[in-house]
Every structure is written in C-alpha cells, then in structure tokens.
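Undergrad: Input structure: start.txt, which contains compact mmCIF, C-alpha atoms and all ligand atoms.
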# COMPACT_ATOMS: atom_id res chain seq x y z
CA MET A 237 -2.97 -49.34 -104.07
CA GLN A 238 -4.93 -52.06 -105.75
CA PRO A 239 -8.53 -50.72 -105.69
CA GLU A 240 -10.14 -53.99 -104.62
CA ARG A 241 -7.76 -54.27 -101.72
CA ARG A 242 -8.47 -50.72 -100.63
CA LYS A 243 -12.20 -51.43 -100.78
CA MET A 244 -11.70 -54.55 -98.66
CA VAL A 245 -9.87 -52.51 -96.01
CA GLU A 246 -12.47 -49.75 -95.91
CA ARG A 247 -15.71 -51.72 -96.22
CA GLN A 248 -14.94 -55.07 -94.61
CA LEU A 249 -12.50 -53.93 -91.93
CA ARG A 250 -12.63 -50.25 -90.95
CA ALA A 251 -16.41 -49.96 -91.37
CA ARG A 252 -16.88 -52.99 -89.12
CA GLY A 253 -14.83 -51.68 -86.25
CA ILE A 254 -11.24 -52.73 -86.94
CA GLU A 255 -9.35 -49.76 -85.49
CA ASP A 256 -5.72 -50.89 -85.25
CA GLU A 257 -3.99 -48.82 -87.93
CA ARG A 258 -1.07 -51.24 -88.04
CA VAL A 259 -3.43 -54.08 -88.96
CA LEU A 260 -5.24 -51.95 -91.55
CA ALA A 261 -1.96 -50.84 -93.12
CA ALA A 262 -0.62 -54.41 -93.23
CA MET A 263 -3.77 -55.73 -94.88
CA ALA A 264 -3.64 -52.86 -97.36
CA ALA A 265 -0.09 -53.96 -98.25
CA VAL A 266 -0.26 -57.78 -98.49
CA PRO A 267 -1.30 -59.08 -101.95
CA ARG A 268 -4.02 -61.52 -100.83
CA GLU A 269 -4.47 -62.77 -104.42
CA LEU A 270 -1.09 -64.52 -104.19
CA PHE A 271 -2.41 -66.69 -101.33
CA VAL A 272 -5.53 -67.88 -103.15
CA PRO A 273 -5.52 -70.75 -105.68
CA GLU A 274 -5.12 -69.44 -109.21
CA ALA A 275 -8.65 -70.40 -110.27
CA LEU A 276 -10.12 -68.28 -107.45
CA ARG A 277 -7.89 -65.23 -107.80
CA LYS A 278 -10.71 -63.03 -109.04
CA ARG A 279 -12.45 -63.66 -105.73
CA ALA A 280 -9.43 -62.93 -103.51
CA TYR A 281 -10.95 -59.77 -101.99
CA GLU A 282 -14.42 -61.16 -101.36
CA ASP A 283 -15.86 -60.94 -97.86
CA ALA A 284 -15.46 -64.70 -97.38
CA ALA A 285 -13.21 -67.61 -96.62
CA LEU A 286 -12.14 -69.46 -99.82
CA PRO A 287 -11.07 -73.08 -100.36
CA ILE A 288 -7.32 -73.70 -100.65
CA GLY A 289 -7.34 -77.50 -101.03
CA ALA A 290 -7.02 -80.32 -98.49
CA GLN A 291 -10.52 -79.29 -97.26
CA GLN A 292 -9.04 -76.14 -95.73
CA THR A 293 -9.69 -72.45 -96.29
CA ILE A 294 -7.95 -69.09 -96.35
CA SER A 295 -9.72 -67.16 -93.56
CA GLN A 296 -12.17 -64.34 -94.26
CA PRO A 297 -10.29 -60.98 -94.25
CA TYR A 298 -12.35 -59.71 -91.29
CA MET A 299 -11.37 -62.69 -89.13
CA VAL A 300 -7.67 -62.24 -90.00
CA ALA A 301 -7.97 -58.58 -89.00
CA ARG A 302 -9.77 -59.46 -85.76
CA ILE A 303 -7.14 -62.02 -84.76
CA CYS A 304 -4.27 -59.67 -85.61
CA SER A 305 -5.90 -56.80 -83.66
CA GLU A 306 -6.51 -58.95 -80.58
CA LEU A 307 -2.80 -59.84 -80.48
CA ARG A 308 -2.05 -56.13 -79.73
CA LEU A 309 1.29 -56.14 -81.53
CA ARG A 310 3.65 -53.16 -81.56
CA GLY A 311 6.29 -54.51 -83.97
CA GLY A 312 9.31 -56.71 -83.47
CA GLU A 313 7.59 -59.40 -81.38
CA ARG A 314 8.14 -63.11 -81.86
CA VAL A 315 4.80 -64.59 -82.88
CA LEU A 316 3.57 -68.15 -83.39
CA ASP A 317 0.91 -68.61 -86.10
CA VAL A 318 -0.87 -71.96 -85.73
CA GLY A 319 -2.53 -73.26 -88.92
CA THR A 320 -0.47 -71.72 -91.73
CA GLY A 321 -3.03 -72.71 -94.38
CA SER A 322 -2.43 -70.38 -97.32
CA GLY A 323 0.21 -68.38 -95.43
CA TYR A 324 -1.87 -65.17 -95.68
CA GLN A 325 -2.18 -64.49 -91.96
CA ALA A 326 1.54 -65.19 -91.49
CA ALA A 327 2.24 -62.61 -94.22
CA VAL A 328 0.03 -60.01 -92.49
CA LEU A 329 1.86 -60.62 -89.19
CA ALA A 330 5.23 -60.30 -90.94
CA GLU A 331 4.07 -57.09 -92.64
CA MET A 332 3.25 -55.78 -89.13
CA GLY A 333 6.89 -56.30 -88.22
CA ALA A 334 6.62 -59.55 -86.28
CA GLU A 335 9.18 -62.34 -86.37
CA VAL A 336 6.82 -65.12 -87.43
CA HIS A 337 6.96 -68.87 -86.86
CA SER A 338 4.05 -70.58 -88.55
CA ILE A 339 3.08 -74.23 -88.14
CA GLU A 340 0.84 -76.35 -90.40
CA ARG A 341 -0.12 -80.02 -90.09
CA VAL A 342 -0.75 -80.69 -93.81
CA PRO A 343 2.64 -80.85 -95.57
CA GLU A 344 1.38 -79.85 -99.03
CA LEU A 345 -0.32 -76.75 -97.65
CA ALA A 346 2.90 -75.79 -95.87
CA GLU A 347 4.76 -76.19 -99.15
CA HIS A 348 2.29 -74.00 -101.07
CA ALA A 349 2.32 -71.40 -98.32
CA LEU A 350 6.09 -71.25 -98.41
CA ALA A 351 6.02 -70.61 -102.16
CA ALA A 352 3.31 -67.94 -101.81
CA LEU A 353 5.20 -66.22 -98.97
CA ALA A 354 8.35 -66.14 -101.10
CA ALA A 355 6.43 -64.80 -104.12
CA ALA A 356 4.92 -62.04 -101.98
CA GLY A 357 8.33 -61.09 -100.57
CA TYR A 358 7.95 -62.48 -97.04
CA GLY A 359 10.21 -65.51 -97.47
CA GLY A 360 12.87 -64.20 -95.12
CA ARG A 361 10.45 -63.05 -92.41
CA VAL A 362 8.36 -66.18 -91.87
CA GLN A 363 9.53 -69.65 -90.93
CA VAL A 364 7.09 -72.39 -91.86
CA HIS A 365 7.14 -75.61 -89.82
CA VAL A 366 5.22 -78.84 -90.42
CA GLY A 367 3.72 -80.48 -87.34
CA ASP A 368 0.98 -80.52 -84.74
CA GLY A 369 0.50 -76.90 -83.76
CA THR A 370 -1.52 -77.83 -80.67
CA GLN A 371 1.86 -78.69 -79.19
CA GLY A 372 3.30 -75.31 -80.16
CA LEU A 373 6.95 -74.96 -81.06
CA PRO A 374 8.85 -75.43 -77.79
CA GLU A 375 12.26 -74.90 -79.40
CA GLU A 376 11.28 -71.35 -80.44
CA ALA A 377 9.29 -70.40 -77.30
CA PRO A 378 8.50 -68.11 -75.54
CA PHE A 379 6.23 -66.14 -77.86
CA ALA A 380 4.87 -62.65 -77.20
CA ALA A 381 1.73 -63.67 -79.04
CA ILE A 382 0.14 -66.81 -80.49
CA ALA A 383 -2.59 -66.77 -83.15
CA VAL A 384 -4.63 -69.89 -83.90
CA ALA A 385 -6.65 -69.95 -87.13
CA ALA A 386 -8.51 -73.22 -86.43
CA ALA A 387 -11.22 -74.00 -83.89
CA ALA A 388 -10.21 -75.61 -80.60
CA PRO A 389 -12.45 -77.27 -78.01
CA GLY A 390 -10.50 -75.41 -75.29
CA VAL A 391 -7.18 -73.67 -74.65
CA PRO A 392 -4.35 -76.05 -75.66
CA GLU A 393 -2.12 -76.22 -72.59
CA ALA A 394 1.14 -76.31 -74.55
CA LEU A 395 0.26 -73.03 -76.26
CA TYR A 396 -0.47 -71.25 -72.98
CA ASP A 397 2.79 -72.62 -71.58
CA GLN A 398 4.75 -71.18 -74.51
CA LEU A 399 3.47 -67.64 -74.02
CA ALA A 400 5.81 -65.04 -72.53
CA GLU A 401 4.58 -63.32 -69.36
CA GLY A 402 1.85 -60.87 -70.46
CA GLY A 403 1.68 -62.62 -73.83
CA ARG A 404 -1.62 -63.06 -75.68
CA LEU A 405 -3.13 -66.20 -77.19
CA VAL A 406 -5.99 -65.57 -79.62
CA LEU A 407 -8.10 -68.48 -80.81
CA PRO A 408 -11.62 -69.58 -81.72
CA ILE A 409 -12.99 -71.78 -78.92
CA GLY A 410 -16.09 -73.90 -79.12
CA PRO A 411 -17.71 -76.89 -80.78
CA ARG A 412 -17.07 -77.77 -84.41
CA HIS A 413 -19.66 -75.59 -86.07
CA ARG A 414 -19.66 -72.39 -84.03
CA GLN A 415 -17.06 -70.73 -81.88
CA LEU A 416 -16.21 -67.47 -80.18
CA LEU A 417 -12.91 -65.77 -80.85
CA GLN A 418 -11.22 -65.51 -77.45
CA ALA A 419 -8.13 -63.73 -76.15
CA VAL A 420 -6.25 -65.33 -73.26
CA VAL A 421 -3.48 -63.43 -71.47
CA ARG A 422 -0.69 -65.14 -69.57
CA SER A 423 -0.26 -63.72 -66.07
CA PRO A 424 1.54 -64.83 -62.90
CA GLU A 425 -1.87 -65.78 -61.44
CA GLY A 426 -2.68 -68.01 -64.41
CA PRO A 427 -4.79 -67.38 -67.52
CA ALA A 428 -6.49 -63.99 -67.26
CA ALA A 429 -10.24 -64.18 -67.86
CA ALA A 430 -10.73 -65.06 -71.49
CA ARG A 431 -13.26 -62.59 -72.74
CA ALA A 432 -16.14 -63.71 -74.90
CA GLY A 433 -15.60 -62.36 -78.37
CA VAL A 434 -16.89 -62.47 -81.89
CA PRO A 435 -18.95 -65.46 -83.03
CA CYS A 436 -17.11 -67.26 -85.82
CA ARG A 437 -16.76 -70.54 -87.64
CA PHE A 438 -13.30 -71.99 -88.33
CA VAL A 439 -12.10 -75.37 -89.60
CA PRO A 440 -11.18 -77.68 -86.69
CA LEU A 441 -7.77 -77.66 -85.03
CA VAL A 442 -6.84 -81.32 -85.35
CA GLY A 443 -4.25 -82.81 -83.04
CA ALA A 444 -3.30 -83.92 -79.56
CA GLY A 445 -4.58 -80.68 -77.97
CA GLY A 446 -7.47 -80.19 -80.38
CA PHE A 447 -10.16 -82.31 -82.06
CA GLN A 448 -9.49 -85.94 -82.95
CA LYS A 449 -10.55 -85.74 -86.60
CA GLY A 450 -10.71 -83.15 -89.39
N1 LIG A 501 -4.21 -68.73 -91.36
C1 LIG A 501 -4.69 -69.45 -92.51
C2 LIG A 501 -6.00 -70.14 -92.21
C3 LIG A 501 -5.95 -71.55 -92.57
S1 LIG A 501 -7.29 -72.55 -92.01
C4 LIG A 501 -4.76 -68.57 -93.71
O1 LIG A 501 -4.60 -67.35 -93.56
O2 LIG A 501 -4.93 -69.07 -94.82
C5 LIG A 501 -6.55 -73.41 -90.67
C6 LIG A 501 -5.38 -74.29 -90.98
O3 LIG A 501 -5.05 -74.96 -89.76
C7 LIG A 501 -5.59 -75.38 -92.01
O4 LIG A 501 -4.64 -75.25 -93.03
C8 LIG A 501 -5.37 -76.69 -91.22
O5 LIG A 501 -4.74 -77.71 -91.97
C9 LIG A 501 -4.50 -76.21 -90.08
N2 LIG A 501 -4.48 -77.03 -88.89
C10 LIG A 501 -5.50 -77.75 -88.31
N3 LIG A 501 -5.06 -78.36 -87.21
C11 LIG A 501 -3.74 -78.07 -87.07
C12 LIG A 501 -2.73 -78.40 -86.12
N4 LIG A 501 -2.95 -79.18 -85.07
N5 LIG A 501 -1.48 -77.89 -86.30
C13 LIG A 501 -1.20 -77.08 -87.35
N6 LIG A 501 -2.11 -76.73 -88.29
C14 LIG A 501 -3.37 -77.20 -88.15
Represent the structure from my file as structure tokens, please.
Ligand code: SAH
TA:
Amino acid sequence: MQPERRKMVERQLRARGIEDERVLAAMAAVPRELFVPEALRKRAYEDAALPIGAQQTISQPYMVARICSELRLRGGERVLDVGTGSGYQAAVLAEMGAEVHSIERVPELAEHALAALAAAGYGGRVQVHVGDGTQGLPEEAPFAAIAVAAAAPGVPEALYDQLAEGGRLVLPIGPRHRQLLQAVVRSPEGPAAARAGVPCRFVPLVGAGGFQKG
C-alpha cells in the first residue's frame, strides 16, 4: 500500500480511536490524492481539510472516518451522501460496499467529483446528483444511512423522513463555526436521542433545510 496512506490510517485514524475495520480498510484502499486538486496532491494525506474550489473543502480524513463509523454499515446498504464535494467520502462508502447516492449543490464540484470517482474506479458504484441535499432524494428513499458532510443548524426534516426504520443519520449540528457530530436513529417513537459527539467544524449546509447563505 502507498506508505503515506498507511501512515494516515495508523496515525490519524486507528491511534485516535477509529475501530471499525471496514472503515479502516476502505480508507486504506481509496486513493485520496485523486480527490484533491492537482496542485495540492502532495498534501493529500495531511491531517487536514484541503480546499477544492468554490470555497469548499475535502474533509479531514479523521472526520470522514468518524462519519463512516457512526453510520454502522455492514455492506450492501443504500446510503445517501449529502455534500459530495470532492467525492472522497462517497468513494469510501462505495469501497465499504454501499450503494451510494451522493448529492451536491454546486454543479462544477459535482462534475469534478464524477470525474474523480470514475478515475478511482468507483464510477459504477456512486450516483452523483445536483440539487439541494437538505431535501434529500425522495425518489431514491428510503436509505439505511445518511451522511451529511456540511454543518446544519438542526436535523433537516426531509432527511429524517427518508431514513429506513432503524436507519442512521450522521451530521454536524450547531452554529456556523463550531458543531458536534451527531448520530440520529429513526425509530417508531421518533428520533432516538441524538448523542453529543465529537466537536468539529464543517462548511455550512446551504439550502431550504440548512443555512440561508454559504
Ligand atoms: N464529503 C465531501 C466534503 C465536502 S464539503 C468530501 O469528501 O470532499 C461539503 C460539501 O457540501 C460542499 O461541496 C458544499 O458545496 C456541499 N453542500 C452545502 N450545502 C449543500 C446542500 N444543501 N446540498 C448539497 N450539497 C451541499
């Protein structure tokens, strides 16, 4: 395996408490450098988010691992990935065996992500949609899991509604500059207590069920 990638998995993920072997194996397999702008490729395995254009970022590896772990996937599930960005998280989910629908509001990012996913060999396993992900993707619902890679002021109702029974929605919730990564489970009694998670800082989720401006 690419030595930098192996180091990322050991030092940034395993050493910091990521225990899901399926997540660790997927992140050891996906070539993150293909999802980073060419000029920043040398920095692809840094412990940081990196700019991808349109004032957006590819998430820090640790946050991708945290989100993917909190989804508790076993393989074969239908998953919605909100905020395609670079396409990296969608690739990790596909590598874990999920059937991935990913939605991005900025058309040029969606286009780049599609090209990167194809170059990395995930073209057939991820469908990229352009639109407001706060509204989910009703035509493809229900989803066993939904991952949101942008900060929301609260739980977008449409996303909860599109979860299958027992399904998990993982998203950063909070004000613009600091959030907590939360997991919400759909149950017959309504949303099961979202548990307070890791402090984080994501770009805003912009749309009808998110923030008004970017
Ligand atoms: N998962 C991405 C992280 C991208 S950052 C990766 O691995 O690279 C979050 C992304 O969410 C940005 O690209 C931003 O444009 C997008 N976004 C923000 N609000 C959105 C919305 N309402 N619907 C879909 N995408 C949105």
Undergrad: Dump as CSV the rows for residues of chain A within 7 Å of ligand LIG 501 (chain A): closest atom pair and distance in Å with one decimal, all atoms listed in the file counted, ordered by chain and rising residue number.
TA:
residue,atom,partner,partner_atom,distance
A:Gln292,CA,A:LIG501,C7,5.1
A:Thr293,CA,A:LIG501,S1,4.9
A:Ile294,CA,A:LIG501,O2,3.4
A:Ser295,CA,A:LIG501,C2,5.0
A:Val300,CA,A:LIG501,O1,6.9
A:Val318,CA,A:LIG501,C13,5.4
A:Gly319,CA,A:LIG501,O3,3.2
A:Thr320,CA,A:LIG501,N1,4.8
A:Gly321,CA,A:LIG501,O4,3.3
A:Ser322,CA,A:LIG501,O2,3.8
A:Gly323,CA,A:LIG501,O2,5.2
A:Tyr324,CA,A:LIG501,O1,4.1
A:Gln325,CA,A:LIG501,O1,4.1
A:Ala326,CA,A:LIG501,N1,6.8
A:Ile339,CA,A:LIG501,C13,5.2
A:Glu340,CA,A:LIG501,N6,3.6
A:Arg341,CA,A:LIG501,C13,4.2
A:Val342,CA,A:LIG501,O5,5.3
A:Leu345,CA,A:LIG501,O4,6.5
A:Gly367,CA,A:LIG501,N5,5.9
A:Asp368,CA,A:LIG501,N5,3.9
A:Gly369,CA,A:LIG501,N5,3.4
A:Thr370,CA,A:LIG501,N4,4.8
A:Ala385,CA,A:LIG501,C5,5.0
A:Ala386,CA,A:LIG501,C5,4.7
A:Val439,CA,A:LIG501,C5,6.0
A:Pro440,CA,A:LIG501,C10,5.9
A:Leu441,CA,A:LIG501,N3,3.5
A:Val442,CA,A:LIG501,N3,3.9
A:Gly443,CA,A:LIG501,N4,4.4
A:Gly446,CA,A:LIG501,N4,6.6
Undergrad: By how many Å are CA of Gln415 (chain A) and CA of Val434 (chain A) apart?
TA: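 About the pair CA of Gln415 (chain A) and CA of Val434 (chain A): they are 8.3 Å apart.
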Undergrad: Give me, as a ChimeraX atom specification, all polymer residues having an atom no more than 12 Å from Arg310 (chain A), counting only C-alpha atoms and skipping those fewer than 5 positions away in the same chain.
TA: /A:256-259,304-305,315,329-335,380-381
Undergrad: Go through A:Ala383, A:Ala444, A:Ala394, A:Val266 one by one, measure the shortest atom-to-atom distance of each to Leu353 (chain A) using only C-alpha atoms, and give the residue with the smallest value.
TA: A:Val266
Undergrad: For a test of reading the model, state the distance in Å between CA of Glu255 (chain A) and CA of Gly357 (chain A), rounded to one decimal.
TA: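 Between CA of Glu255 (chain A) and CA of Gly357 (chain A) the gap is 25.9 Å.
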Undergrad: Find, counting all atoms listed in the file, the residue in A:Val421, A:Arg302, A:Ala290, A:Leu416 that gets nearest to Ile382 (chain A).
TA: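 Ranked by minimum distance to Ile382 (chain A), first place goes to A:Val421.
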Undergrad: Taking only C-alpha atoms into account, name the residue in A:Pro374, A:Pro343, A:Gly311, A:Pro297 that is nearest to Arg279 (chain A).
TA: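 Distance minimum relative to Arg279 (chain A) lands on A:Pro297.
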Undergrad: When you draw a straight line from CA of Arg252 (chain A) to CA of Gln238 (chain A), how long is it in Å?
TA: 20.5 Å
Undergrad: Between A:Arg437, A:Tyr298, A:Phe379, A:Ala264, single out the one closest to Gly312 (chain A), counting only C-alpha atoms.
TA: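 Residue with the minimum atom-to-atom distance to Gly312 (chain A): A:Phe379.
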Undergrad: Identify, on the basis of all atoms listed in the file, every residue whose closest approach to Pro378 (chain A) does not exceed 8 Å; exclude the query and any residue fewer than 3 positions from it along the same chain; express the result as an MDAnalysis selection string.
TA: chainID A and resid 374 398:400
Undergrad: My list of candidates is A:Pro435, A:Gly403, A:Pro408, A:Gly426. Which is closest to Arg308 (chain A) when distances are computed with all atoms listed in the file?
TA: A:Gly403
Undergrad: Could you put an axis-aligned box around every listed atom of region 396-415 of chain A, padded by 8 Å on each side, and send me its centre and edge lengths in Å to one decimal, as AutoDock Vina command-line options?
TA:
--center_x -6.9 --center_y -69.3 --center_z -77.7 --size_x 41.5 --size_y 32.9 --size_z 32.7
Undergrad: Tell me which protein, DNA and RNA residues are within 7 Å of Tyr281 (chain A), counting all atoms listed in the file, leaving out same-chain ones fewer than 2 positions away, and put them as an MDAnalysis selection string.
TA: chainID A and resid 240:241 244 279 283
Undergrad: Go ahead and save the residues from that selection, with C-alpha atoms, as an mmCIF file, keeping the file's coordinate frame.
TA:
data_model
loop_
_atom_site.group_PDB
_atom_site.id
_atom_site.type_symbol
_atom_site.label_atom_id
_atom_site.label_comp_id
_atom_site.auth_asym_id
_atom_site.auth_seq_id
_atom_site.Cartn_x
_atom_site.Cartn_y
_atom_site.Cartn_z
ATOM 1 C CA GLU A 240 -10.140 -53.990 -104.620
ATOM 2 C CA ARG A 241 -7.760 -54.270 -101.720
ATOM 3 C CA MET A 244 -11.700 -54.550 -98.660
ATOM 4 C CA ARG A 279 -12.450 -63.660 -105.730
ATOM 5 C CA ASP A 283 -15.860 -60.940 -97.860
#
Undergrad: Using only C-alpha atoms, pick whichever of A:Ala349, A:Ala428, A:Ala261, A:Val245 has the shortest atom-to-atom distance to Pro273 (chain A).
TA: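 Of A:Ala349, A:Ala428, A:Ala261, A:Val245, the one nearest Pro273 (chain A) is A:Ala349, counting only C-alpha atoms.
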Undergrad: Tell me which protein, DNA and RNA residues are within 12 Å of Glu274 (chain A), counting all atoms listed in the file, leaving out same-chain ones fewer than 6 positions away, and put them as a list in words.
TA: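 The neighbour list is Arg268, Ala280, Leu286, Pro287, Ile288, Gly289, His348 and Ala352 of chain A.
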Undergrad: Extract, using all atoms listed in the file, all DNA, RNA and protein residues at most 8 Å from Leu270 (chain A), discarding same-chain residues fewer than 4 positions from it, and format them as a PyMOL selection string.
TA: chain A and resi 277+352+355-356
